[in-house]
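Here the structure comes first, spelled out in structure tokens, and everything after it is commentary.
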Amino acid sequence: MASISEARKQVRNLRTQIERHNYLYHVRDDPEITDSAYDRLMRELRDLEQEFPSLVTPDSPTQRVGAHPLESFGEVIHSVPMLSLGNAFTDEEVQQFDRRLRDLLKSEKELDYFAEPKLDGLAVSLRYEKGQLVRAATRGDGAKGEDVTQNVRTIKAVPLRLIGKAVPEVLEARGEVFITHDGFANLNRTAIESGDKQFVNPRNAAAGSLRQLDPKITAARPLDINFYGAGELVSADPPRKHSELMQKFKDWGLRINPEGIEIRGVSGLINYYTLIMKKRPSLAYDIDGVVYKVNDYEQQRELGFVARAPRWAIAHKFPAQEETTTIRAVEFQVGRTGALTPVARLEPVFVGGVTVSNATLHNMDEIEKKDIRIGDEVIVRRAGDVIPEVVKANTSARMSRKTRKIKLPASCPVCKSKIERLEGEAVSRCTGGLKCSAQLKEAIKHFASRRALDIKGLGEKLVEQLVDKKIVKSSVELFALEFEDLQQLDRMGEKSAKNVVAEIKASANTAWPRVLYALGIREVGEVSAENLVQHFSSFGKLTGASIDELQEIDDVGPNSAGYIKEFFKKKENKEIISTLESHIKSDWPVKKDSHGALLGKSFAITGTLAGMTREQAKEKIQQAGGKVTGSVSSKTDFLLAGEAVGSKLAKAEKLGVTVINEKDLEKLIKG
């Protein structure tokens with residue numbers, strides 16, 4: 001029997017060998033030994049650790065799996081936010097991106113970039129301290145994510161300890177977790193053999209696998225990872241360029257994408273995009289574009305950020321994926337405002353990473369414009385998480401097919417009420433109002449949604465049962481629900497029923513702008529609801545306001561004012577309002593004095609803010625005398641931009657509107 005000192009030396013030697021072979025196999029793709037020889041090394045190490053438990057350390061290769069299942073994931077605050085990227089879809093947009101950077105840098109010289117494929121996976125951040133992996137987290141909202149350390153440790157391509165002598169004091173390595181095409185095929189093959197449900201696409205499989213509470217399940221999934229950047233980095237020898245960091249990653253045992261290269265000038269970027277798009281079908285993993293980053297870190301610092309997106313990087317996205325299939329039938333869905341949306345029922349086709357059997361046709365104008373018919377061979381497009389749509393019909397194939405024109409129903413397919421289409425509108429609507437069960441269901445879902453009354457536990461299936469069983473006939477009847485009403489519903493246990501009742505009661509404490517938004521009045525969004533509440537001194541004043549009085553408010557035009565006035569005139573809505581007033585416990589806000597530093601200034605908000613919610617930002621702006629509008633126009637003074645910005649940012653830049661972040665807002669408020 002070996003002494004503990006001898007065992008310690010053997011363990012150290014075995015771990016060094018295993019770490020080296022992990023690096024050669026998973027990072028360099030250049031294994032030196034067979035799988036069976038690797039297994040023998042692992043078995044020898046495991047036997048020694050079982051004999052001498054005191055020698056087991058967290059970074060041992062044997063400890064990748066073994067932790068107990070979690071009850072939930074903890075929260076991790078990223079020391080450096082995980083930024084989102086702006087997108088380019090055309091060569092012209094990439095050229096504009098390059099020109100913008102050179103203008104900001106006051107340089108006519110071509111810039112040096114680093115380019116690499118954009119993997120379609122799940123972003124994570126791995127924190128190493130003195131070379132040892134101490135924590136791993138998902139991207140989350142960019143500021144904070146979920147602690148998935150146990151699960152990330154099971155990924156064989158992740159080093160539990162960095163290799164080499166010059167490892168940094170602290171490194172937050174940013175990477176993308178994914179599953180290869182072969183791994184995905186094997187995963188689904190195993191699922192079929194086990195009688196389990198198959199995964200839809202590699203990205204969903206990777207995301208679902210990483211978020212398993214039991215790390216043993218994650219370990220059984222073929223997860224892989226590529227690293228692409230760093231958050232916090234404390235090093236005696238920090239890199240000056242991104243390409244240098246990528247080389248250091250390789251030296252430390254962190255795998256990077258082999259397709260990543262340095263490129264000079266915008267023409268090189270576009271050539272790289274074309275090359276990778278041609279390579280895309282032969283790659284072992286899914287990508288949805290390429291990423292360009294300014295290579296020099298000093299230039300990156302000089303360029304800075306727009307809100308929480310870097311100016312110095314952009315994602316050049318591939319075109320939406322399209323496939324050909326056949327329209328079997330067309331059905332009309334009824335939305336919250338009664339709008340009828342034609343939906344094509346398709347011969348199932350795999351497109352954009354998922355099997356698509358339904359696609360929107362938008363409205364009758366679009367159907368007529370594209371000349372789409374039932375029975376047509378059509379092209380279906382799906383880009384990312386966007387709802388699939390029918391792009392066009394192959395009209396030349398009609399000679400060999402039986403097709404028929406799509407007709408708008410004369411009455412609502414749900415409640416048989418009359419269908420009307422107002423002049424100047426593309427959308428046809430059911431006139432049944434809340435008597436239409438489809439509209440009622442959508443109205444209740446909206447009423448309970450996160451940005452409205454935020455009633456947790458009141459999901460889609462539960463709402464459908466409440467309406468179908470005629471337990472509720474309007475949104476406000478939710479307040480009258482008792483435990484017994486809910487317990488009789490399918491899949492509603494005692495604890496769940498009590499929780500939903502408690503959530504409904506708690507929602508009565510919400511602010512009045514949320515209540516107004518929850519009513520679902522056409523063209524009254526969150527910003528308009530806030531402005532309406534701030535303008536009028538009571539709910540009674542608001543409901544009795546004339547169209548002219550309503551139009552005095554920012555974001556309320558003639559159409560919006562008409563919809564608001566019409567809503568408050570209807571008998572059933574008056575009853576809803578009366579009931580609401582008896583249940584909502586919060587006070588109507590006192591109209592704020594306009595004497596603050598932002599007096600007369602107009603703001604719009606886009607994206608997700610890091611230090612506050614958008615509602616809190618609105619409150620701060622209004623408290624300081626400013627106005628918040630829902631859209632950007634030439635009258636907008638400032639656009640407060642967070643992460644994952646939308647089209648407002650592009651419009652603001654085009655109109656010359658000043659774009660600010662949260663720190664800028666605080667400075668403005670302080671004067």
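Labeling convention for the structure tokens: chains A, B, ... as they appear, residues from 1 per chain, ligands from 1 in order of appearance.
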
- [ ] Please provide as a ChimeraX atom specification all residues within 12 Å of Val556 (chain A), with the sequence filter that same-chain residues fewer than 6 positions apart are discarded (counting only C-alpha atoms).
- [x] /A:522-525,527-532,535,547-550,562-565,629-631

Next, write the just-selected residues to a file, as a compact mmCIF listing (two decimals), in the first residue's frame, keeping C-alpha atoms as the atom set.
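Writing done, so here's selection-v8.txt:
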# COMPACT_ATOMS: atom_id res chain seq x y z
CA ARG A 522 -56.04 50.07 -28.62
CA GLU A 523 -52.85 52.09 -29.10
CA VAL A 524 -52.43 52.67 -25.35
CA GLY A 525 -49.03 51.26 -24.50
CA VAL A 527 -45.76 55.09 -22.06
CA SER A 528 -49.16 56.39 -23.14
CA ALA A 529 -50.74 54.89 -20.01
CA GLU A 530 -48.14 56.62 -17.83
CA ASN A 531 -48.71 59.97 -19.56
CA LEU A 532 -52.50 59.68 -19.30
CA HIS A 535 -52.05 64.30 -16.99
CA ILE A 547 -61.10 63.81 -27.53
CA ASP A 548 -59.55 67.29 -27.60
CA GLU A 549 -58.42 66.96 -23.97
CA LEU A 550 -56.93 63.55 -24.67
CA GLY A 562 -60.85 58.06 -30.53
CA TYR A 563 -60.07 54.54 -29.33
CA ILE A 564 -59.76 55.71 -25.70
CA LYS A 565 -63.04 57.65 -25.85
CA THR A 629 -42.74 59.23 -25.21
CA GLY A 630 -43.12 55.82 -26.80
CA SER A 631 -41.41 56.69 -30.07

Task: Residues flagged strand (DSSP E or B) by DSSP in region 347-407 of chain A, as a ChimeraX atom specification - done: /A:347-351,354-360,373-374,377-382,389-393,404-405

TODO: Rank A:Pro281, A:Gly121, A:Gly253, A:Gly289 by their smallest atom-to-atom distance to Arg203 (chain A), using only C-alpha atoms, and report the top residue only.
DONE: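 Between A:Pro281, A:Gly121, A:Gly253, A:Gly289, the residue approaching Arg203 (chain A) most closely is A:Gly121.
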
- [ ] Would you mind reading off the distance between CA of Val390 (chain A) and CA of Val349 (chain A), one decimal, in Å?
- [x]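 Separating CA of Val390 (chain A) from CA of Val349 (chain A) is a distance of 12.4 Å.
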
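Taking only C-alpha atoms, the non-local environment of Lys667 (chain A) within 12 Å (same-chain residues fewer than 5 positions away omitted) comprises Ala597, Leu598, Ile621, Ala624, Ile660, Asn661 and Glu662 of chain A.
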
- [ ] Report the residues of region 249-312 of chain A whose backbone DSSP state falls under alpha helix (DSSP H), written as a PyMOL selection string.
- [x] chain A and resi 249-252+265-279+297-303

Report as a PDB file with N, CA and C atoms, in the first residue's frame all protein, DNA and RNA residues lying within 9 Å of Lys130 (chain A), evaluated on only C-alpha atoms, omitting residues in the same chain fewer than 3 positions from it.
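selection.pdb, written as the output of this step:
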ATOM      1  N   LEU A 133     -10.972  27.229 -12.018  1.00  0.00           N
ATOM      2  CA  LEU A 133     -12.369  27.579 -12.285  1.00  0.00           C
ATOM      3  C   LEU A 133     -13.132  27.669 -10.969  1.00  0.00           C
ATOM      4  N   ARG A 161      -8.694  23.782 -14.527  1.00  0.00           N
ATOM      5  CA  ARG A 161      -7.561  24.627 -14.154  1.00  0.00           C
ATOM      6  C   ARG A 161      -6.826  25.010 -15.433  1.00  0.00           C
ATOM      7  N   LEU A 162      -6.503  26.297 -15.566  1.00  0.00           N
ATOM      8  CA  LEU A 162      -5.772  26.758 -16.745  1.00  0.00           C
ATOM      9  C   LEU A 162      -4.368  26.161 -16.760  1.00  0.00           C
ATOM     10  N   VAL A 167      -0.496  32.176 -16.081  1.00  0.00           N
ATOM     11  CA  VAL A 167      -1.956  32.320 -16.039  1.00  0.00           C
ATOM     12  C   VAL A 167      -2.310  33.603 -15.302  1.00  0.00           C
ATOM     13  N   PRO A 168      -3.413  34.244 -15.674  1.00  0.00           N
ATOM     14  CA  PRO A 168      -3.780  35.514 -15.034  1.00  0.00           C
ATOM     15  C   PRO A 168      -4.281  35.323 -13.605  1.00  0.00           C
ATOM     16  N   GLU A 169      -4.191  36.394 -12.837  1.00  0.00           N
ATOM     17  CA  GLU A 169      -4.710  36.370 -11.469  1.00  0.00           C
ATOM     18  C   GLU A 169      -6.217  36.134 -11.483  1.00  0.00           C
ATOM     19  N   VAL A 170      -6.900  36.855 -12.371  1.00  0.00           N
ATOM     20  CA  VAL A 170      -8.353  36.706 -12.550  1.00  0.00           C
ATOM     21  C   VAL A 170      -8.655  36.719 -14.044  1.00  0.00           C
ATOM     22  N   LEU A 171      -9.505  35.804 -14.465  1.00  0.00           N
ATOM     23  CA  LEU A 171      -9.956  35.793 -15.859  1.00  0.00           C
ATOM     24  C   LEU A 171     -11.417  35.391 -15.907  1.00  0.00           C
TER      25      LEU A 171
END

Open item on the list: Just to confirm, what's the straight-line distance from CA of Gly642 (chain A) to CA of Phe89 (chain A) in Å (one decimal)?
Closed with: 21.6 Å

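Of the residues listed (A:Ile577, A:Asn201, A:Phe479, A:Arg514), A:Ile577 shows the shortest atom-to-atom separation from Gly540 (chain A); distances use only C-alpha atoms.
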
- [ ] Show which residues sit within 9 Å of Phe603 (chain A), as a list in words. Count only C-alpha atoms, and ignore same-chain residues fewer than 4 positions away.
- [x]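 After dropping sequence-adjacent residues, the list is Lys618, Ile621, Gly626, Lys627, Val628, Thr629, Gly630, Ser631, Val632, Thr636, Asp637, Phe638, Leu639 and Leu640 of chain A.
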
- [ ] Rounded to one decimal place, report the CA of Gly544 (chain A)-CA of Phe568 (chain A) distance in Å.
- [x] 7.9 Å

TODO: Rank nothing, just name the residue among A:Ala7, A:Leu466, A:Ile256, A:Val472 nearest to Gln487 (chain A), using only C-alpha atoms.
DONE: A:Leu466

TODO: Give the answer as one residue: which of A:Ala641, A:Ser209, A:Ala143, A:Leu83 has the shortest atom-to-atom distance to Leu187 (chain A), using only C-alpha atoms?
DONE: A:Ser209
